[in-house]
file upload-v9.txt (compact mmCIF, C-alpha atoms)
# COMPACT_ATOMS: atom_id res chain seq x y z
CA MET Z 1 -8.70 43.16 64.96
CA ASN Z 2 -11.68 42.10 67.05
CA ASN Z 3 -12.22 44.57 69.90
CA ALA Z 4 -13.31 41.76 72.25
CA ARG Z 5 -9.79 40.27 72.19
CA GLN Z 6 -7.43 40.87 75.07
CA VAL Z 7 -4.03 41.09 73.41
CA GLN Z 8 -1.46 40.24 76.07
CA ASN Z 9 1.19 38.64 73.88
CA LEU Z 10 2.66 38.93 70.42
CA ALA Z 11 3.02 35.91 68.13
CA LEU Z 12 5.26 35.87 65.07
CA ILE Z 13 4.31 33.49 62.28
CA GLY Z 14 5.80 33.03 58.83
CA PHE Z 15 8.04 30.80 56.79
CA MET Z 16 11.44 29.64 58.00
CA GLY Z 17 14.15 32.17 57.31
CA THR Z 18 11.93 35.25 57.57
CA GLY Z 19 13.54 36.34 60.86
CA LYS Z 20 10.95 35.28 63.43
CA SER Z 21 13.47 34.29 66.10
CA SER Z 22 15.87 37.19 65.54
CA VAL Z 23 13.11 39.79 65.25
CA GLY Z 24 11.25 38.19 68.15
CA ARG Z 25 14.20 38.62 70.49
CA LEU Z 26 14.55 42.29 69.52
CA VAL Z 27 10.81 42.88 69.99
CA ALA Z 28 10.82 41.12 73.37
CA ASP Z 29 13.69 43.35 74.51
CA ALA Z 30 11.91 46.50 73.31
CA LEU Z 31 8.62 45.57 75.01
CA HIS Z 32 10.29 44.09 78.13
CA PHE Z 33 8.51 40.79 77.39
CA THR Z 34 9.69 37.21 77.71
CA PHE Z 35 10.82 35.59 74.45
CA LEU Z 36 9.64 32.06 73.66
CA ASP Z 37 10.56 30.10 70.54
CA THR Z 38 8.12 27.21 70.04
CA ASP Z 39 10.70 25.05 68.22
CA GLU Z 40 13.28 25.53 71.00
CA THR Z 41 10.65 24.79 73.65
CA ILE Z 42 9.59 21.58 71.89
CA GLU Z 43 13.22 20.49 71.56
CA ALA Z 44 13.79 21.09 75.28
CA LYS Z 45 10.64 19.17 76.26
CA ALA Z 46 11.36 16.27 73.89
CA GLY Z 47 15.06 16.13 74.71
CA LYS Z 48 15.91 15.96 71.00
CA THR Z 49 16.20 18.17 67.97
CA ILE Z 50 13.33 18.81 65.60
CA THR Z 51 15.32 17.00 62.92
CA ASP Z 52 15.44 13.94 65.22
CA ILE Z 53 11.73 14.23 66.06
CA PHE Z 54 10.89 14.29 62.34
CA ALA Z 55 13.23 11.35 61.64
CA GLN Z 56 12.21 9.17 64.60
CA GLN Z 57 8.55 10.05 65.17
CA GLY Z 58 7.44 11.79 61.98
CA GLU Z 59 5.96 15.17 61.18
CA ALA Z 60 2.53 14.27 62.62
CA ALA Z 61 4.04 13.68 66.08
CA PHE Z 62 5.89 17.00 65.88
CA ARG Z 63 2.69 18.84 64.86
CA GLU Z 64 0.89 17.32 67.86
CA MET Z 65 3.68 18.59 70.14
CA GLU Z 66 3.17 22.04 68.60
CA ARG Z 67 -0.59 21.90 69.15
CA THR Z 68 -0.15 20.94 72.81
CA LEU Z 69 2.38 23.74 73.39
CA VAL Z 70 0.21 26.37 71.67
CA SER Z 71 -2.75 25.50 73.91
CA GLU Z 72 -0.49 25.93 76.97
CA LEU Z 73 0.60 29.39 75.76
CA ALA Z 74 -2.91 30.81 76.23
CA SER Z 75 -2.15 31.27 79.94
CA ARG Z 76 0.97 33.37 79.25
CA THR Z 77 1.19 37.16 79.37
CA HIS Z 78 3.86 39.61 78.21
CA THR Z 79 5.42 37.05 75.89
CA VAL Z 80 6.74 37.29 72.34
CA ILE Z 81 6.14 33.90 70.75
CA SER Z 82 8.19 32.89 67.72
CA THR Z 83 6.48 29.97 65.98
CA GLY Z 84 7.68 27.26 63.66
CA GLY Z 85 6.86 27.89 60.00
CA GLY Z 86 4.17 25.19 59.77
CA LEU Z 87 2.47 25.91 63.09
CA PRO Z 88 -0.31 28.16 61.71
CA THR Z 89 -1.39 25.52 59.17
CA ASN Z 90 -3.40 23.97 62.01
CA PRO Z 91 -6.45 26.26 62.31
CA ALA Z 92 -6.72 25.44 66.04
CA ASN Z 93 -3.20 26.82 66.58
CA LEU Z 94 -4.00 30.07 64.80
CA SER Z 95 -7.29 30.43 66.66
CA SER Z 96 -5.61 29.81 70.00
CA LEU Z 97 -2.86 32.36 69.32
CA LYS Z 98 -5.41 34.96 68.24
CA SER Z 99 -7.29 34.52 71.52
CA HIS Z 100 -4.43 36.16 73.48
CA ALA Z 101 -1.86 37.52 71.03
CA LEU Z 102 -1.49 39.96 68.19
CA VAL Z 103 -0.46 37.62 65.35
CA VAL Z 104 2.13 39.15 63.02
CA CYS Z 105 3.31 37.34 59.90
CA LEU Z 106 6.81 38.06 58.67
CA TRP Z 107 6.90 37.67 54.89
CA ALA Z 108 9.74 37.24 52.37
CA SER Z 109 10.12 35.99 48.81
CA PRO Z 110 11.16 32.38 48.14
CA GLU Z 111 14.51 33.69 46.85
CA THR Z 112 15.22 35.65 50.03
CA ILE Z 113 14.16 32.71 52.20
CA PHE Z 114 16.47 30.38 50.26
CA GLU Z 115 19.37 32.82 50.73
CA HIS Z 116 18.72 32.85 54.50
CA VAL Z 117 18.40 29.08 55.00
CA ARG Z 118 20.45 27.39 52.29
CA HIS Z 119 23.47 26.71 54.53
CA GLN Z 120 21.45 25.60 57.56
CA GLN Z 121 21.54 21.88 58.27
CA HIS Z 122 18.78 21.85 60.94
CA ARG Z 123 15.87 22.35 58.51
CA PRO Z 124 14.26 18.90 58.05
CA LEU Z 125 11.81 20.12 55.42
CA LEU Z 126 14.66 21.28 53.19
CA LYS Z 127 16.30 17.87 52.96
CA ASP Z 128 15.09 17.73 49.37
CA PRO Z 129 16.87 17.41 46.01
CA ASP Z 130 15.23 20.70 44.95
CA PRO Z 131 15.16 22.91 48.08
CA MET Z 132 14.07 26.02 46.13
CA GLY Z 133 11.17 24.07 44.65
CA LYS Z 134 10.29 22.78 48.11
CA ILE Z 135 10.32 26.34 49.51
CA ARG Z 136 8.04 27.55 46.70
CA ALA Z 137 5.60 24.66 47.18
CA LEU Z 138 5.47 24.97 50.98
CA LEU Z 139 5.16 28.75 50.85
CA ALA Z 140 2.28 28.49 48.37
CA ALA Z 141 0.52 25.91 50.56
CA ARG Z 142 1.00 27.93 53.74
CA GLU Z 143 0.26 31.40 52.33
CA PRO Z 144 -3.53 31.19 53.01
CA PHE Z 145 -2.76 30.51 56.69
CA TYR Z 146 -0.11 33.24 56.91
CA ARG Z 147 -2.55 35.75 55.42
CA GLN Z 148 -4.89 35.18 58.39
CA ALA Z 149 -2.44 37.04 60.64
CA ASP Z 150 -3.58 40.33 62.11
CA VAL Z 151 -0.64 42.10 60.45
CA LEU Z 152 1.67 41.14 57.57
CA VAL Z 153 5.17 42.64 57.60
CA ASN Z 154 7.35 42.38 54.51
CA THR Z 155 10.95 41.76 55.56
CA GLU Z 156 12.52 42.21 52.09
CA ARG Z 157 15.57 44.50 52.04
CA ARG Z 158 15.01 45.62 55.62
CA SER Z 159 17.27 45.13 58.60
CA LEU Z 160 16.14 43.01 61.54
CA ARG Z 161 16.02 46.19 63.62
CA GLU Z 162 13.71 47.94 61.11
CA VAL Z 163 11.38 44.95 61.04
CA ALA Z 164 11.40 44.75 64.84
CA GLN Z 165 10.56 48.45 65.11
CA GLN Z 166 7.58 48.01 62.80
CA VAL Z 167 6.36 44.98 64.78
CA VAL Z 168 6.64 46.90 68.08
CA HIS Z 169 4.71 49.80 66.52
CA GLN Z 170 1.96 47.43 65.34
CA PHE Z 171 1.73 45.85 68.80
CA ARG Z 172 1.54 49.20 70.58
CA THR Z 173 -1.10 50.42 68.14
CA ALA Z 174 -3.19 47.27 68.68
CA THR Z 175 -2.97 47.42 72.47
CA VAL Z 176 -3.86 51.12 72.57
CA ALA Z 177 -6.88 50.40 70.35
CA GLN Z 178 -8.22 47.76 72.75
CA LYS Z 179 -8.32 50.16 75.71

call {"tool": "encode", "arguments": {"input": "upload-v9.txt", "output": "structure tokens"}}
result
Amino acid sequence: MNNARQVQNLALIGFMGTGKSSVGRLVADALHFTFLDTDETIEAKAGKTITDIFAQQGEAAFREMERTLVSELASRTHTVISTGGGLPTNPANLSSLKSHALVVCLWASPETIFEHVRHQQHRPLLKDPDPMGKIRALLAAREPFYRQADVLVNTERRSLREVAQQVVHQFRTATVAQK
């Protein structure tokens, strides 16, 4: 991590189904931070679900909403930010998050991700005849962006609480190092 950075927040990136929202809430509680889910915030601002945004306005419009929100987050402090799975594929988003947050990627295998999301109807990118193939393809395309995180945390065969404890430890280590 660059010593010139002022880490005031923690951002969780990674593929859908890796536990970003659940772990993020636990981490926010442990650190006494505010929790913010970018997808929930976009839905509230747009007055519609992400599925509806994708269907009515397209993915490009959704990605622009993400970009706008991420730039607004730079003024926040003491916030755990759970991002949508595709958010870090825009280099400007990743750069903006890294300007104020420790960026932690939660990682899981395609098989584990599929197990976590296969019964969820609110995943517009999984409306595909071959959802496992879609997960593999998207994960492969996004992996180079996910690997730019400050820390990668494997979530395989670990409880949400264990993952959250590791994320809190990584954040505390990073903020002690910047002092």

call {"tool": "residues_around", "arguments": {"input": "upload-v9.txt", "residues": "Thr34 (chain Z)", "least_positions_apart": "6", "cutoff": "8 Å", "atoms": "only C-alpha atoms", "output": "ChimeraX atom specification"}}
result
/Z:28,78-80

call {"tool": "axis_aligned_box", "arguments": {"input": "upload-v9.txt", "around": "region 158-172 of chain Z", "padding_each_side": "3 Å", "output": "AutoDock Vina command-line options"}}
result
--center_x 9.4 --center_y 46.4 --center_z 63.1 --size_x 21.7 --size_y 12.8 --size_z 21.0

call {"tool": "atom_distance", "arguments": {"input": "upload-v9.txt", "atom1": "CA of Leu94 (chain Z)", "atom2": "CA of Trp107 (chain Z)"}}
result
16.6 Å

call {"tool": "atom_distance", "arguments": {"input": "upload-v9.txt", "atom1": "CA of Gly14 (chain Z)", "atom2": "CA of Glu111 (chain Z)"}}
result
14.8 Å

call {"tool": "residues_around", "arguments": {"input": "upload-v9.txt", "residues": "Arg63 (chain Z)", "least_positions_apart": "6", "cutoff": "9 Å", "atoms": "all atoms listed in the file", "output": "PyMOL selection string"}}
result
chain Z and resi 86-87+90

call {"tool": "closest_residue", "arguments": {"input": "upload-v9.txt", "among": "Z:Pro129, Z:Ile42, Z:Thr51, Z:His32", "to": "Met65 (chain Z)", "atoms": "all atoms listed in the file"}}
result
Z:Ile42

call {"tool": "residues_around", "arguments": {"input": "upload-v9.txt", "residues": "region 153-170 of chain Z", "least_positions_apart": "2", "cutoff": "8 Å", "atoms": "all atoms listed in the file", "output": "list in words"}}
result
Thr18, Gly19, Ser22, Val23, Gly24, Leu26, Val27, Ala30, Leu31, Val104, Cys105, Leu106, Trp107, Ala108, Ser109, Thr112, Val151, Arg172, Thr173 and Ala174 of chain Z

call {"tool": "closest_residue", "arguments": {"input": "upload-v9.txt", "among": "Z:Ile50, Z:Met132, Z:Leu102, Z:Pro144", "to": "Phe171 (chain Z)", "atoms": "all atoms listed in the file"}}
result
Z:Leu102

call {"tool": "closest_residue", "arguments": {"input": "upload-v9.txt", "among": "Z:Gln8, Z:Arg123, Z:Ser82, Z:Lys98", "to": "Asp52 (chain Z)", "atoms": "all atoms listed in the file"}}
result
Z:Arg123

call {"tool": "closest_residue", "arguments": {"input": "upload-v9.txt", "among": "Z:Phe54, Z:Phe62, Z:Phe15, Z:Phe35", "to": "Ala137 (chain Z)", "atoms": "all atoms listed in the file"}}
result
Z:Phe15

call {"tool": "closest_residue", "arguments": {"input": "upload-v9.txt", "among": "Z:Leu126, Z:Asp150, Z:Thr41, Z:Ile135", "to": "Thr83 (chain Z)", "atoms": "all atoms listed in the file"}}
result
Z:Thr41
